[in-house]
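Following: one structure in structure tokens, then a few remarks.
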Amino acid sequence: MDESQLRLDGNAAAGVLQEIFVQELTAARGACAACGMVAHIGAQHLYMYPRAPGAVLRCNTCDSVLMVVVNDRGRRRFGLPGLTWLEVPEPPPGG
Amino acid sequence: MVLAVPDWPGHLAGQHVDVRLTAEDGYQAQRSYSIASPPDDNERLVLTVERLDDGEVSPYLVDELRPGDRLEFRGPIGGYFVWDASMGGPLFLVAGGSGICPLMAMIRHRAASANTVPTRLLYSSRSLADVIYRDELDRQVAMDGGLHVVHTLTRAQPEGWNGHSRRIDAEMLEEVGWAPAERPLAFVCGPTPLVEAVARTLVDLGHEARRVKTERFGPTGG
């Protein structure tokens, strides 16, 4: 299958990201370590490989790997090899 | 699919839920479905599920699920592909097939909150019979001068059809959409090839990339 056919938006990763990040992450901005482009996580490209146990988030500009999620025997491993930074709104006072 | 959800915390138009099915042997399959009901209706949650013949989840939801069955799901989720009345507009919504669902939540939210943000919907379907929410859209347009809906039917057109009958292209986006100078907020949802072509064309036409938000329905969406 052509790989672009597997492409979704980062939006589709919202559920799994919610498991470890306190803030809603698809609305967060992140900078690609490879090309420097800044974009919302929800706007990046998400690949859910049907034969591999996980998901790969790639930069929508240079296609570098930003984040990977691997499911393995009851554990979930998050890797963020290609993000220089993530930016989320400051939580409201007292929140 | 209409669900009663006890203690639903409320959602934003455009958000989705992850539905998880577990087989007797423990095998699990999970899919994301857009919420079609507006945030203003907290009593029930409406998901529109398109049945894919080779899907793992959608045939079960469409053929097997019965009133009273219980479903395991997580949500509401997503904070990027959402529209709230406070975000303003004008709005340009572009849908391909069942990509109409999250956009319908936006149209319904706009109507329910008496919001007057000028809104244009360009909706591509295979045939008239494939148009989801056709009657509701017709009714809404008749009542609301701020909502403009244009259909294109790509495979079969009824006799006397005087609307568009081709895939969405640059000319159609220019004709139906807003000029870039109006700085519309664009939401594009549908199959991956349609979404990518439309998003690229909008940017080529001069729209700001960050005001063009997309949601692709991929082959894992079944």
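Ordering of the structure tokens sets the chain letters (A, B, ...); residue numbers start at 1 within each chain; ligands are numbered from 1 in the order shown.
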
Using only C-alpha atoms, determine which residues lie at most 8 Å from B:Ser113, disregarding the query and same-chain residues fewer than 4 positions distant; provide the list as a short mmCIF file (atom, residue, chain, number, x, y, z; two decimals) with N, CA and C atoms, in the first residue's frame.
```cif
data_model
loop_
_atom_site.label_atom_id
_atom_site.label_comp_id
_atom_site.auth_asym_id
_atom_site.auth_seq_id
_atom_site.Cartn_x
_atom_site.Cartn_y
_atom_site.Cartn_z
N ASP B 40 -24.30 21.80 22.39
CA ASP B 40 -25.47 22.37 23.06
C ASP B 40 -26.47 21.28 23.45
N ALA B 85 -18.06 28.88 19.00
CA ALA B 85 -18.65 30.13 18.51
C ALA B 85 -17.73 31.34 18.76
N HIS B 109 -23.94 23.52 16.13
CA HIS B 109 -23.56 24.38 17.26
C HIS B 109 -23.81 25.84 16.91
#
```

Proximity check chain B to chain A, 9 Å, nearest pairs one decimal Å, only C-alpha atoms, as CSV:
```
residue,atom,partner,partner_atom,distance
B:His16,CA,A:Ala12,CA,8.6
B:Val17,CA,A:Gly15,CA,8.0
B:Asp18,CA,A:Gly15,CA,6.9
B:Ser32,CA,A:Ala12,CA,7.0
B:Arg74,CA,A:Gly15,CA,7.3
B:Gly75,CA,A:Gly15,CA,7.5
B:Pro76,CA,A:Gly15,CA,8.7
B:Ile77,CA,A:Ala14,CA,6.0
B:Gly78,CA,A:Ala14,CA,5.3
B:Gly79,CA,A:Ala27,CA,5.1
B:Tyr80,CA,A:Ala27,CA,4.5
B:Phe81,CA,A:Asn11,CA,7.0
B:Thr192,CA,A:Gln5,CA,6.9
B:Pro193,CA,A:Gln5,CA,7.8
B:Arg210,CA,A:Ala39,CA,8.2
B:Lys213,CA,A:Ala43,CA,7.1
B:Thr214,CA,A:Ala43,CA,7.0
B:Glu215,CA,A:Asp9,CA,5.8
B:Arg216,CA,A:Leu8,CA,5.1
B:Phe217,CA,A:Leu8,CA,6.6
B:Gly218,CA,A:Leu8,CA,5.8
B:Pro219,CA,A:Leu6,CA,6.5
B:Thr220,CA,A:Met48,CA,7.4
```

Selection to disk with C-alpha atoms, as an mmCIF file, in the first residue's frame:
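Written output follows (part26.cif):
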```cif
data_model
loop_
_atom_site.group_PDB
_atom_site.id
_atom_site.type_symbol
_atom_site.label_atom_id
_atom_site.label_comp_id
_atom_site.auth_asym_id
_atom_site.auth_seq_id
_atom_site.Cartn_x
_atom_site.Cartn_y
_atom_site.Cartn_z
ATOM 1 C CA HIS B 16 -14.181 12.752 18.517
ATOM 2 C CA VAL B 17 -14.427 9.659 20.675
ATOM 3 C CA ASP B 18 -12.378 6.472 20.521
ATOM 4 C CA SER B 32 -12.061 7.138 16.274
ATOM 5 C CA ARG B 74 -12.963 7.350 25.563
ATOM 6 C CA GLY B 75 -13.737 11.007 24.995
ATOM 7 C CA PRO B 76 -14.331 13.689 24.188
ATOM 8 C CA ILE B 77 -10.883 14.096 22.690
ATOM 9 C CA GLY B 78 -9.090 16.464 20.374
ATOM 10 C CA GLY B 79 -8.469 20.162 20.773
ATOM 11 C CA TYR B 80 -7.164 21.137 17.356
ATOM 12 C CA PHE B 81 -9.885 20.370 14.819
ATOM 13 C CA THR B 192 -6.993 11.553 2.819
ATOM 14 C CA PRO B 193 -6.585 12.324 -0.930
ATOM 15 C CA ARG B 210 -2.552 27.864 9.912
ATOM 16 C CA LYS B 213 -7.418 22.796 9.609
ATOM 17 C CA THR B 214 -7.715 19.232 8.386
ATOM 18 C CA GLU B 215 -8.988 15.898 9.558
ATOM 19 C CA ARG B 216 -8.196 12.918 7.355
ATOM 20 C CA PHE B 217 -10.231 9.724 7.394
ATOM 21 C CA GLY B 218 -7.734 6.977 6.647
ATOM 22 C CA PRO B 219 -8.128 3.268 5.932
ATOM 23 C CA THR B 220 -7.716 2.552 9.647
#
```

Atom pair atom CA of B:Val131 / atom CA of B:Leu147: separation (Å):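 According to the coordinates, atom CA of B:Val131 and atom CA of B:Leu147 are separated by 17.4 Å.
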
Stretch 99-102 of chain B surroundings by only C-alpha atoms, 6 Å radius, close-in-sequence under 6 positions cut, as a ChimeraX atom specification: /B:14,34-36,189-190

For stretch 144-146 of chain B: contacts at 9 Å, only C-alpha atoms, fewer than 6 positions along chain excluded, given as a VMD selection string: chain B and resid 111 116 to 120

Residues of stretch 27-90 of chain A in strand (DSSP E), written as a ChimeraX atom specification: /A:29-32,38-40,45-49,54-58,65-72,75-79,83-87

Top pick for closest residue to A:Phe78, considering A:Ala34, A:Val22, A:Leu66, A:Asn60 and counting only C-alpha atoms: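 Comparing A:Ala34, A:Val22, A:Leu66, A:Asn60 against A:Phe78, the winner is A:Leu66.
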
Which of B:Ala114, B:Val150, B:Val176, B:Val49 sits closest to B:Asn162 [using only C-alpha atoms]: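 For B:Asn162, the nearest of the candidates is B:Val150.
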
Residues within 10 Å of stretch 202-205 of chain B, only C-alpha atoms, excluding chain neighbours under 2 positions, as a list in words: Asp169, Ala170, Glu171, Leu173, Glu174, Gly177, Ala179, Pro180, Ala186, Glu196, Ala197, Val198, Ala199, Arg200, His207, Glu208, Ala209, Arg210, Arg211 and Val212 of chain B

Residue list (helix (DSSP H, G or I), DSSP) for chain A, as a VMD selection string: chain A and resid 3 to 6 10 to 17 41 to 43

Interatomic distance (Å, one decimal) between atom CA of B:Leu153 and atom CA of B:Ile107: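 That distance, rounded to one decimal, is 20.8 Å.
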
Spatial neighbours of B:Arg167, 9 Å, only C-alpha atoms, chain gap at least 2 places, as a ChimeraX atom specification: /B:124,152-154,164-165,169,172,194

Let me see the file: selected residues, N, CA and C atoms, as a JSON list (two decimals), in the first residue's frame.
```json
[["chain", "number", "residue", "atom", "x", "y", "z"],
["B", 124, "SER", "N", -18.81, 17.30, -0.97],
["B", 124, "SER", "CA", -18.66, 16.38, -2.10],
["B", 124, "SER", "C", -19.17, 14.99, -1.74],
["B", 152, "THR", "N", -21.47, 18.95, -4.53],
["B", 152, "THR", "CA", -20.97, 18.44, -5.80],
["B", 152, "THR", "C", -21.13, 16.93, -5.77],
["B", 153, "LEU", "N", -21.66, 16.38, -6.87],
["B", 153, "LEU", "CA", -21.91, 14.93, -6.95],
["B", 153, "LEU", "C", -20.95, 14.35, -7.98],
["B", 154, "THR", "N", -20.02, 13.49, -7.51],
["B", 154, "THR", "CA", -18.90, 13.14, -8.37],
["B", 154, "THR", "C", -19.14, 11.93, -9.26],
["B", 164, "HIS", "N", -22.78, 21.18, -9.12],
["B", 164, "HIS", "CA", -21.49, 20.69, -9.60],
["B", 164, "HIS", "C", -21.51, 19.18, -9.74],
["B", 165, "SER", "N", -20.70, 18.66, -10.67],
["B", 165, "SER", "CA", -20.66, 17.22, -10.86],
["B", 165, "SER", "C", -19.23, 16.74, -11.11],
["B", 169, "ASP", "N", -12.10, 21.20, -7.07],
["B", 169, "ASP", "CA", -10.85, 21.70, -7.64],
["B", 169, "ASP", "C", -10.67, 23.18, -7.28],
["B", 172, "MET", "N", -13.54, 25.53, -8.13],
["B", 172, "MET", "CA", -14.71, 25.39, -7.27],
["B", 172, "MET", "C", -14.46, 26.03, -5.89],
["B", 194, "LEU", "N", -8.66, 13.62, -0.77],
["B", 194, "LEU", "CA", -9.46, 14.85, -0.91],
["B", 194, "LEU", "C", -8.94, 15.93, 0.02]]
```

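The space separating atom CA of B:Pro67 from atom CA of B:Pro6 comes to 15.7 Å.
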
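With only C-alpha atoms as the atoms that count, the residue of B:Leu137, B:Leu122, B:Met1, B:Ala23 with the shortest distance to B:Arg108 is B:Leu137.
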